[in-house]
>>> print(open('query34.csv').read())   # CSV, C-alpha atoms
chain,number,residue,atom,x,y,z
A,656,MET,CA,-5.8,-3.7,18.1
A,657,TYR,CA,-6.0,-5.0,14.5
A,658,LYS,CA,-9.0,-4.2,12.5
A,659,LEU,CA,-8.1,-5.4,9.0
A,660,ILE,CA,-6.2,-8.4,7.6
A,661,ALA,CA,-4.9,-8.3,4.1
A,662,GLU,CA,-4.1,-11.8,2.7
A,663,ASP,CA,-2.3,-12.9,-0.4
A,664,MET,CA,-4.0,-15.9,-2.0
A,665,ASP,CA,-1.7,-18.4,-3.8
A,666,GLY,CA,0.8,-19.8,-1.3
A,667,THR,CA,-0.9,-17.9,1.6
A,668,ILE,CA,-4.6,-18.4,2.3
A,669,LEU,CA,-4.8,-21.1,-0.4
A,670,ASN,CA,-3.2,-24.5,0.2
A,671,GLU,CA,-1.5,-26.4,-2.6
A,672,LYS,CA,-4.9,-27.7,-3.7
A,673,LYS,CA,-6.1,-24.1,-4.2
A,674,GLU,CA,-8.5,-24.5,-1.2
A,675,ILE,CA,-9.3,-22.3,1.8
A,676,SER,CA,-9.4,-24.6,4.9
A,677,LYS,CA,-12.5,-24.9,7.0
A,678,ARG,CA,-10.6,-23.6,10.0
A,679,CYS,CA,-9.7,-20.5,8.1
A,680,ARG,CA,-13.2,-19.9,6.8
A,681,GLU,CA,-14.6,-20.2,10.3
A,682,ASN,CA,-12.0,-17.7,11.6
A,683,ILE,CA,-12.9,-15.2,8.9
A,684,SER,CA,-16.6,-15.6,9.7
A,685,LYS,CA,-15.7,-14.7,13.4
A,686,LEU,CA,-13.8,-11.7,12.2
A,687,LYS,CA,-16.8,-10.5,10.2
A,688,GLU,CA,-19.0,-10.9,13.3
A,689,MET,CA,-16.6,-8.7,15.2
A,690,GLY,CA,-16.8,-6.0,12.5
A,691,LYS,CA,-13.2,-6.6,11.3
A,692,LYS,CA,-12.2,-6.5,7.7
A,693,ILE,CA,-10.8,-9.1,5.4
A,694,VAL,CA,-9.0,-8.0,2.2
A,695,LEU,CA,-7.9,-10.4,-0.5
A,696,ALA,CA,-4.8,-8.9,-2.1
A,697,THR,CA,-3.8,-10.8,-5.3
A,698,GLY,CA,-2.2,-10.6,-8.7
A,699,ARG,CA,-5.3,-12.1,-10.1
A,700,PRO,CA,-8.2,-10.2,-11.7
A,701,LEU,CA,-11.5,-10.0,-9.9
A,702,ARG,CA,-13.1,-12.7,-12.0
A,703,GLY,CA,-10.3,-15.1,-11.0
A,704,ILE,CA,-11.2,-14.8,-7.3
A,705,ILE,CA,-15.0,-14.5,-7.2
A,706,PRO,CA,-15.5,-18.1,-6.1
A,707,TYR,CA,-13.3,-17.5,-3.1
A,708,ILE,CA,-15.1,-14.1,-2.3
A,709,GLU,CA,-18.4,-15.9,-2.4
A,710,MET,CA,-17.1,-18.8,-0.3
A,711,LEU,CA,-16.0,-16.3,2.4
A,712,ASP,CA,-19.3,-14.3,2.1
A,713,LEU,CA,-17.5,-11.1,1.2
A,714,LEU,CA,-19.4,-10.3,-2.0
A,715,ASP,CA,-21.1,-7.0,-1.1
A,716,ASP,CA,-20.8,-3.2,-1.4
A,717,ASP,CA,-18.6,-2.8,1.7
A,718,ASN,CA,-15.8,-5.3,1.2
A,719,TYR,CA,-12.8,-4.5,-1.0
A,720,VAL,CA,-10.1,-6.4,-2.9
A,721,VAL,CA,-6.7,-5.6,-4.3
A,722,THR,CA,-6.4,-7.1,-7.8
A,723,TYR,CA,-3.6,-7.2,-10.4
A,724,ASN,CA,-1.2,-6.6,-7.5
A,725,GLY,CA,-2.7,-3.2,-6.9
A,726,ALA,CA,-3.3,-1.9,-10.4
A,727,LEU,CA,-7.1,-2.1,-9.7
A,728,VAL,CA,-8.6,-1.6,-6.2
A,729,GLN,CA,-12.4,-2.1,-6.0
A,730,ASN,CA,-15.2,-3.4,-3.9
A,731,THR,CA,-15.9,-7.1,-4.3
A,732,LYS,CA,-18.9,-6.5,-6.4
A,733,GLY,CA,-16.7,-4.6,-8.9
A,734,ASP,CA,-19.0,-1.6,-9.2
A,735,LYS,CA,-17.0,0.8,-7.0
A,736,ILE,CA,-13.4,1.6,-8.1
A,737,LEU,CA,-11.1,3.1,-5.6
A,738,TYR,CA,-8.0,3.0,-7.8
A,739,ASP,CA,-7.3,2.1,-11.4
A,740,LYS,CA,-3.8,2.4,-12.9
A,741,PRO,CA,-3.4,0.2,-16.0
A,742,LEU,CA,-0.4,0.2,-18.3
A,743,SER,CA,-0.7,1.0,-22.0
A,744,LEU,CA,-0.4,-0.8,-25.3
A,745,ASP,CA,2.9,0.9,-25.8
A,746,SER,CA,4.2,-0.7,-22.6
A,747,TYR,CA,3.2,-4.1,-23.9
A,748,LYS,CA,5.0,-3.3,-27.2
A,749,GLU,CA,8.2,-2.1,-25.6
A,750,LEU,CA,8.3,-4.9,-23.1
A,751,TYR,CA,7.8,-7.4,-25.9
A,752,GLU,CA,11.0,-6.1,-27.4
A,753,VAL,CA,12.8,-6.6,-24.1
A,754,SER,CA,11.4,-10.1,-23.9
A,755,LYS,CA,12.9,-10.9,-27.3
A,756,GLN,CA,16.3,-9.5,-26.2
A,757,LEU,CA,16.2,-11.6,-23.1
A,758,GLY,CA,14.8,-14.7,-24.8
A,759,VAL,CA,11.8,-15.3,-22.5
A,760,ASN,CA,8.1,-15.6,-23.0
A,761,ILE,CA,5.7,-12.8,-22.5
A,762,HIS,CA,2.0,-12.1,-22.0
A,763,ALA,CA,-0.3,-9.2,-21.1
A,764,LEU,CA,-3.5,-9.2,-19.1
A,765,THR,CA,-6.6,-7.3,-20.0
A,766,GLU,CA,-9.7,-7.2,-17.8
A,767,SER,CA,-11.1,-10.2,-19.6
A,768,SER,CA,-8.3,-12.1,-21.3
A,769,VAL,CA,-4.6,-12.9,-21.5
A,770,LEU,CA,-2.8,-11.8,-24.7
A,771,THR,CA,0.4,-13.5,-26.0
A,772,PRO,CA,2.3,-13.4,-29.2
A,773,LYS,CA,3.2,-17.0,-28.8
A,774,ASN,CA,1.3,-19.6,-26.9
A,775,ASN,CA,3.3,-21.3,-24.2
A,776,PRO,CA,2.6,-23.5,-21.1
A,777,TYR,CA,3.0,-20.5,-18.7
A,778,THR,CA,0.3,-18.5,-20.3
A,779,GLY,CA,-1.9,-21.6,-20.1
A,780,ILE,CA,-1.4,-21.7,-16.4
A,781,GLU,CA,-2.4,-18.0,-16.1
A,782,SER,CA,-5.5,-18.7,-18.2
A,783,SER,CA,-6.4,-21.7,-16.0
A,784,ILE,CA,-5.9,-19.9,-12.7
A,785,ASN,CA,-7.9,-16.9,-13.6
A,786,LYS,CA,-10.5,-18.6,-15.9
A,787,ILE,CA,-9.8,-16.2,-18.7
A,788,PRO,CA,-9.2,-17.1,-22.4
A,789,VAL,CA,-5.9,-16.9,-24.2
A,790,VAL,CA,-5.8,-14.6,-27.2
A,791,GLU,CA,-2.7,-15.4,-29.3
A,792,GLY,CA,-1.5,-13.0,-31.9
A,793,PRO,CA,1.1,-10.5,-32.9
A,794,VAL,CA,1.6,-7.6,-30.5
A,795,GLU,CA,1.4,-5.1,-33.3
A,796,ASP,CA,-2.1,-6.4,-34.2
A,797,VAL,CA,-3.6,-5.7,-30.7
A,798,ASP,CA,-6.5,-3.2,-31.1
A,799,THR,CA,-5.5,0.3,-29.9
A,800,SER,CA,-8.5,0.5,-27.6
A,801,THR,CA,-7.4,-2.6,-25.6
A,802,LYS,CA,-6.8,-1.9,-21.9
A,803,ILE,CA,-3.6,-3.5,-20.8
A,804,VAL,CA,-3.6,-3.9,-17.0
A,805,LYS,CA,-0.2,-5.6,-16.6
A,806,VAL,CA,2.5,-7.3,-18.6
A,807,MET,CA,4.4,-10.4,-17.5
A,808,LEU,CA,7.6,-12.1,-18.4
A,809,ILE,CA,6.8,-15.8,-17.9
A,810,ASP,CA,9.2,-18.8,-18.2
A,811,ASP,CA,11.0,-21.5,-16.4
A,812,PRO,CA,12.1,-20.3,-12.9
A,813,LYS,CA,15.8,-20.8,-13.5
A,814,LYS,CA,15.5,-18.9,-16.8
A,815,LEU,CA,13.7,-16.0,-15.1
A,816,ASP,CA,16.4,-16.0,-12.3
A,817,SER,CA,19.1,-15.7,-15.0
A,818,ILE,CA,17.5,-12.8,-16.9
A,819,ILE,CA,16.5,-10.6,-13.9
A,820,PRO,CA,20.0,-9.1,-13.5
A,821,LEU,CA,20.0,-8.4,-17.3
A,822,ILE,CA,16.8,-6.2,-17.3
A,823,PRO,CA,17.8,-2.8,-18.6
A,824,GLN,CA,18.0,0.0,-16.0
A,825,TRP,CA,15.5,2.1,-17.9
A,826,VAL,CA,12.9,-0.7,-17.5
A,827,LYS,CA,13.6,-0.8,-13.8
A,828,ASP,CA,13.2,3.0,-13.6
A,829,LYS,CA,9.9,3.0,-15.5
A,830,TYR,CA,8.0,0.0,-14.0
A,831,SER,CA,7.1,-1.6,-10.8
A,832,ILE,CA,8.6,-5.1,-11.2
A,833,LEU,CA,7.3,-7.9,-9.0
A,834,ARG,CA,8.1,-11.6,-8.7
A,835,SER,CA,4.6,-13.1,-8.0
A,836,ALA,CA,5.6,-16.7,-8.5
A,837,PRO,CA,8.7,-18.6,-9.7
A,838,ILE,CA,7.3,-18.6,-13.3
A,839,PHE,CA,5.9,-15.0,-13.2
A,840,LEU,CA,7.7,-11.7,-13.3
A,841,GLU,CA,5.2,-8.8,-13.5
A,842,PHE,CA,5.5,-5.3,-14.8
A,843,LEU,CA,3.1,-2.6,-13.6
A,844,ASP,CA,2.8,1.1,-13.4
A,845,LYS,CA,5.6,2.5,-11.2
A,846,SER,CA,3.1,3.6,-8.5
A,847,VAL,CA,1.4,0.2,-8.3
A,848,ASN,CA,2.0,-2.4,-5.6
A,849,LYS,CA,-0.1,-4.3,-3.0
A,850,GLY,CA,1.0,-2.0,-0.2
A,851,ALA,CA,-0.4,1.0,-2.0
A,852,GLY,CA,-3.6,-0.9,-2.7
A,853,VAL,CA,-4.1,-2.0,0.9
A,854,SER,CA,-3.4,1.5,2.1
A,855,ILE,CA,-6.1,2.9,-0.2
A,856,ILE,CA,-8.7,0.5,1.2
A,857,ALA,CA,-7.6,1.2,4.8
A,858,LYS,CA,-8.0,4.9,4.3
A,859,GLU,CA,-11.5,4.3,2.7
A,860,LEU,CA,-12.5,2.4,5.8
A,861,GLY,CA,-10.9,4.8,8.3
A,862,ILE,CA,-8.3,2.2,9.5
A,863,LYS,CA,-4.8,3.2,10.4
A,864,ALA,CA,-1.7,1.4,9.1
A,865,GLU,CA,-0.9,0.2,12.6
A,866,GLU,CA,-4.3,-1.5,12.7
A,867,VAL,CA,-3.5,-3.6,9.6
A,868,ILE,CA,-2.0,-7.1,9.3
A,869,SER,CA,-0.7,-8.2,5.9
A,870,VAL,CA,0.2,-11.8,5.2
A,871,GLY,CA,2.1,-13.1,2.1
A,872,ASP,CA,4.7,-15.4,0.7
A,873,ALA,CA,6.2,-13.9,-2.5
A,874,GLY,CA,8.0,-10.8,-3.7
A,875,ASN,CA,4.8,-9.1,-4.8
A,876,ASP,CA,3.7,-9.1,-1.1
A,877,ILE,CA,6.7,-7.3,0.3
A,878,ALA,CA,5.2,-3.8,-0.1
A,879,MET,CA,2.0,-4.6,1.9
A,880,ILE,CA,4.0,-6.5,4.5
A,881,GLN,CA,6.2,-3.4,5.0
A,882,TYR,CA,3.1,-1.1,5.1
A,883,ALA,CA,1.2,-3.0,7.7
A,884,GLY,CA,1.4,-2.6,11.5
A,885,LEU,CA,2.1,-6.3,11.6
A,886,GLY,CA,3.7,-7.7,8.5
A,887,VAL,CA,3.6,-11.5,8.4
A,888,ALA,CA,5.5,-14.0,6.2
A,889,MET,CA,4.4,-17.5,5.6
A,890,ALA,CA,6.8,-20.3,6.6
A,891,ASN,CA,6.9,-21.2,2.9
A,892,ALA,CA,7.7,-17.6,1.9
A,893,THR,CA,10.8,-16.7,0.0
A,894,GLU,CA,13.7,-15.4,2.0
A,895,ASP,CA,13.4,-11.8,0.9
A,896,VAL,CA,9.8,-11.8,2.2
A,897,LYS,CA,10.8,-13.3,5.6
A,898,ALA,CA,13.6,-10.7,5.9
A,899,VAL,CA,11.0,-7.8,6.0
A,900,ALA,CA,8.4,-9.5,8.1
A,901,ASP,CA,7.6,-8.8,11.8
A,902,TYR,CA,6.4,-12.4,12.3
A,903,ILE,CA,6.7,-15.7,10.5
A,904,THR,CA,3.7,-17.9,10.7
A,905,LEU,CA,3.1,-21.5,9.7
A,906,SER,CA,3.0,-22.6,6.0
A,907,ASN,CA,0.0,-22.5,3.7
A,908,GLU,CA,-0.3,-26.3,4.2
A,909,GLU,CA,-0.4,-25.8,8.0
A,910,ASP,CA,-3.1,-23.1,8.1
A,911,GLY,CA,-0.7,-20.2,8.6
A,912,VAL,CA,-3.3,-17.6,8.0
A,913,ALA,CA,-5.7,-19.2,10.5
A,914,HIS,CA,-2.9,-19.2,13.0
A,915,VAL,CA,-2.3,-15.5,12.5
A,916,ILE,CA,-6.0,-14.7,12.9
A,917,GLU,CA,-6.3,-16.7,16.1
A,918,LYS,CA,-3.1,-15.3,17.6
A,919,PHE,CA,-3.6,-11.6,16.8
A,920,MET,CA,-7.2,-10.9,16.0
A,921,LEU,CA,-9.7,-13.1,17.9
>>> encode(input="query34.csv", output="structure tokens")
Amino acid sequence: MYKLIAEDMDGTILNEKKEISKRCRENISKLKEMGKKIVLATGRPLRGIIPYIEMLDLLDDDNYVVTYNGALVQNTKGDKILYDKPLSLDSYKELYEVSKQLGVNIHALTESSVLTPKNNPYTGIESSINKIPVVEGPVEDVDTSTKIVKVMLIDDPKKLDSIIPLIPQWVKDKYSILRSAPIFLEFLDKSVNKGAGVSIIAKELGIKAEEVISVGDAGNDIAMIQYAGLGVAMANATEDVKAVADYITLSNEEDGVAHVIEKFML
């Protein structure tokens, strides 16, 4: 019944050591042999997940990924773009003003770097995860030709919790706002989310929504879990994710994705 599985990465297919288990890799290999599709759906850029794509033998013309939480949907080789909806430098500038009002750190992702007006530990984590350099400098000095894919408010989880209710309504109306991790609050074009990204890939492959499984653990996974015929939350997922899921699997430390594949696709 299910022909495609879309999987979040951090907290989902990756364990706490940022590894994909042997069991999961073997199950994905079986799915490929059956002609079924595996889609990695992540907030990371493509370059931040290439090692995993290669590990799963998905680097070719006919496999697709959702990157930047849906702002860029492309094949795994990166030479075929299905959807590209970045923000603008003006968005970075106006969200920087919001960050100052709220008293939190901010950075913006381009296709090859992470920009920040003030270096901080959270931007360092972003840089490390995605293997991209940090470029520190005033927001007003960013070159006008720079492509801003997404902007993020980044800070201590409790601090982010406290400022979310204070985000101005015009910001909520203008942007898609996603909590991708306790320290990351992301701002993207209003049309962008993982659900839209997975649906674009499914349509490209001639696969219906009811033939899709989506698995995730955080707020940025909700749209794809709601889109899929079978929406799955990890046992370690946040409560808002579990609330919209059709099924709750094991945690990322217990091979929850492998369990879903074995139960519903093999």
>>> atom_distance(input="query34.csv", atom1="CA of Gly733 (chain A)", atom2="CA of Leu659 (chain A)")
19.9 Å
>>> residues_around(input="query34.csv", residues="Ile704 (chain A)", least_positions_apart="2", cutoff="12 Å", atoms="all atoms listed in the file", output="VMD selection string")
chain A and resid 663 to 665 669 673 to 675 694 to 702 706 to 711 713 to 714 720 to 723 731 to 733 784 to 787
>>> residues_near_point(input="query34.csv", point="(3.8, -22.6, -20.9)", cutoff="9 Å", atoms="all atoms listed in the file", output="JSON list (two decimals) with C-alpha atoms, keeping the file's coordinate frame")
[["chain", "number", "residue", "atom", "x", "y", "z"],
["A", 760, "ASN", "CA", 8.10, -15.60, -23.00],
["A", 774, "ASN", "CA", 1.30, -19.60, -26.90],
["A", 775, "ASN", "CA", 3.30, -21.30, -24.20],
["A", 776, "PRO", "CA", 2.60, -23.50, -21.10],
["A", 777, "TYR", "CA", 3.00, -20.50, -18.70],
["A", 778, "THR", "CA", 0.30, -18.50, -20.30],
["A", 779, "GLY", "CA", -1.90, -21.60, -20.10],
["A", 780, "ILE", "CA", -1.40, -21.70, -16.40],
["A", 809, "ILE", "CA", 6.80, -15.80, -17.90],
["A", 810, "ASP", "CA", 9.20, -18.80, -18.20],
["A", 811, "ASP", "CA", 11.00, -21.50, -16.40]]
>>> residues_around(input="query34.csv", residues="Ile880 (chain A)", least_positions_apart="5", cutoff="9 Å", atoms="only C-alpha atoms", output="list of chain:residue names")
A:Lys849, A:Gly850, A:Ile868, A:Ser869, A:Val870, A:Gly871, A:Leu885, A:Gly886, A:Val887, A:Ala888, A:Val896, A:Val899, A:Ala900, A:Asp901
>>> closest_atom_pairs(input="query34.csv", of="region 799-907 of chain A", to="region 769-773 of chain A", cutoff="12 Å", atoms="all atoms listed in the file", output="tab-separated table")
residue	atom	partner	partner_atom	distance
A:Thr801	CA	A:Leu770	CA	10.3
A:Lys802	CA	A:Leu770	CA	11.0
A:Ile803	CA	A:Leu770	CA	9.2
A:Val804	CA	A:Val769	CA	10.1
A:Lys805	CA	A:Val769	CA	9.8
A:Val806	CA	A:Leu770	CA	9.2
A:Met807	CA	A:Thr771	CA	9.9
A:Leu808	CA	A:Thr771	CA	10.6
A:Ile809	CA	A:Thr771	CA	10.6
>>> closest_residue(input="query34.csv", among="A:Glu688, A:Val753, A:Pro741, A:Glu791", to="Lys827 (chain A)", atoms="only C-alpha atoms")
A:Val753
>>> atom_distance(input="query34.csv", atom1="CA of Ser743 (chain A)", atom2="CA of Ile818 (chain A)")
23.4 Å
>>> atom_distance(input="query34.csv", atom1="CA of Ser754 (chain A)", atom2="CA of Ile822 (chain A)")
9.4 Å
>>> residues_near_point(input="query34.csv", point="(-7.8, -5.3, 14.4)", cutoff="6 Å", atoms="all atoms listed in the file", output="PyMOL selection string")
chain A and resi 656-659+866+920
>>> closest_residue(input="query34.csv", among="A:Val867, A:Ile855, A:Ile903, A:Val826", to="Gly725 (chain A)", atoms="only C-alpha atoms")
A:Ile855
>>> closest_residue(input="query34.csv", among="A:Ile832, A:Thr667, A:Leu840, A:Asp734", to="Asn891 (chain A)", atoms="all atoms listed in the file")
A:Thr667
>>> closest_residue(input="query34.csv", among="A:Glu908, A:Glu917, A:Asp745, A:Asp739", to="Ser676 (chain A)", atoms="only C-alpha atoms")
A:Glu908
>>> residues_around(input="query34.csv", residues="Ala913 (chain A)", least_positions_apart="5", cutoff="9 Å", atoms="all atoms listed in the file", output="list in words")
Ile668, Ser676, Arg678, Cys679, Arg680, Glu681, Asn682, Ile683 and Lys918 of chain A
>>> closest_residue(input="query34.csv", among="A:Asp876, A:Asp910, A:Asp895, A:Glu671", to="Gly852 (chain A)", atoms="all atoms listed in the file")
A:Asp876
>>> decode(input="query34.csv", residues="region 747-761 of chain A", atoms="N, CA, C and O atoms", output="compact mmCIF listing (two decimals), in the first residue's frame")
# COMPACT_ATOMS: atom_id res chain seq x y z
N TYR A 747 15.63 39.10 6.28
CA TYR A 747 16.67 38.98 7.30
C TYR A 747 16.77 40.28 8.10
O TYR A 747 16.84 40.26 9.34
N LYS A 748 16.71 41.41 7.39
CA LYS A 748 16.83 42.70 8.08
C LYS A 748 15.66 42.96 9.02
O LYS A 748 15.85 43.40 10.16
N GLU A 749 14.44 42.67 8.57
CA GLU A 749 13.30 42.96 9.44
C GLU A 749 13.20 41.97 10.60
O GLU A 749 12.80 42.34 11.71
N LEU A 750 13.60 40.73 10.37
CA LEU A 750 13.59 39.76 11.46
C LEU A 750 14.72 40.02 12.44
O LEU A 750 14.62 39.69 13.64
N TYR A 751 15.79 40.62 11.96
CA TYR A 751 16.86 41.05 12.88
C TYR A 751 16.33 42.10 13.85
O TYR A 751 16.63 42.05 15.05
N GLU A 752 15.54 43.02 13.36
CA GLU A 752 14.94 44.03 14.24
C GLU A 752 14.02 43.37 15.27
O GLU A 752 13.99 43.76 16.44
N VAL A 753 13.28 42.35 14.83
CA VAL A 753 12.42 41.61 15.75
C VAL A 753 13.26 40.90 16.82
O VAL A 753 12.92 40.90 18.01
N SER A 754 14.37 40.30 16.39
CA SER A 754 15.24 39.58 17.35
C SER A 754 15.78 40.53 18.41
O SER A 754 15.93 40.15 19.58
N LYS A 755 16.09 41.77 18.01
CA LYS A 755 16.59 42.75 18.98
C LYS A 755 15.49 43.12 19.98
O LYS A 755 15.76 43.26 21.18
N GLN A 756 14.28 43.26 19.49
CA GLN A 756 13.16 43.58 20.37
C GLN A 756 12.91 42.46 21.38
O GLN A 756 12.57 42.70 22.54
N LEU A 757 13.09 41.22 20.93
CA LEU A 757 12.82 40.06 21.78
C LEU A 757 14.03 39.64 22.61
O LEU A 757 13.89 38.84 23.54
N GLY A 758 15.20 40.16 22.26
CA GLY A 758 16.41 39.86 23.03
C GLY A 758 16.96 38.47 22.81
O GLY A 758 17.45 37.83 23.75
N VAL A 759 16.88 37.97 21.55
CA VAL A 759 17.40 36.63 21.24
C VAL A 759 18.39 36.71 20.09
O VAL A 759 18.40 37.68 19.32
N ASN A 760 19.20 35.67 19.95
CA ASN A 760 20.16 35.59 18.85
C ASN A 760 19.47 35.23 17.54
O ASN A 760 18.39 34.63 17.53
N ILE A 761 20.15 35.57 16.44
CA ILE A 761 19.59 35.32 15.12
C ILE A 761 20.70 34.92 14.16
O ILE A 761 21.86 35.30 14.33
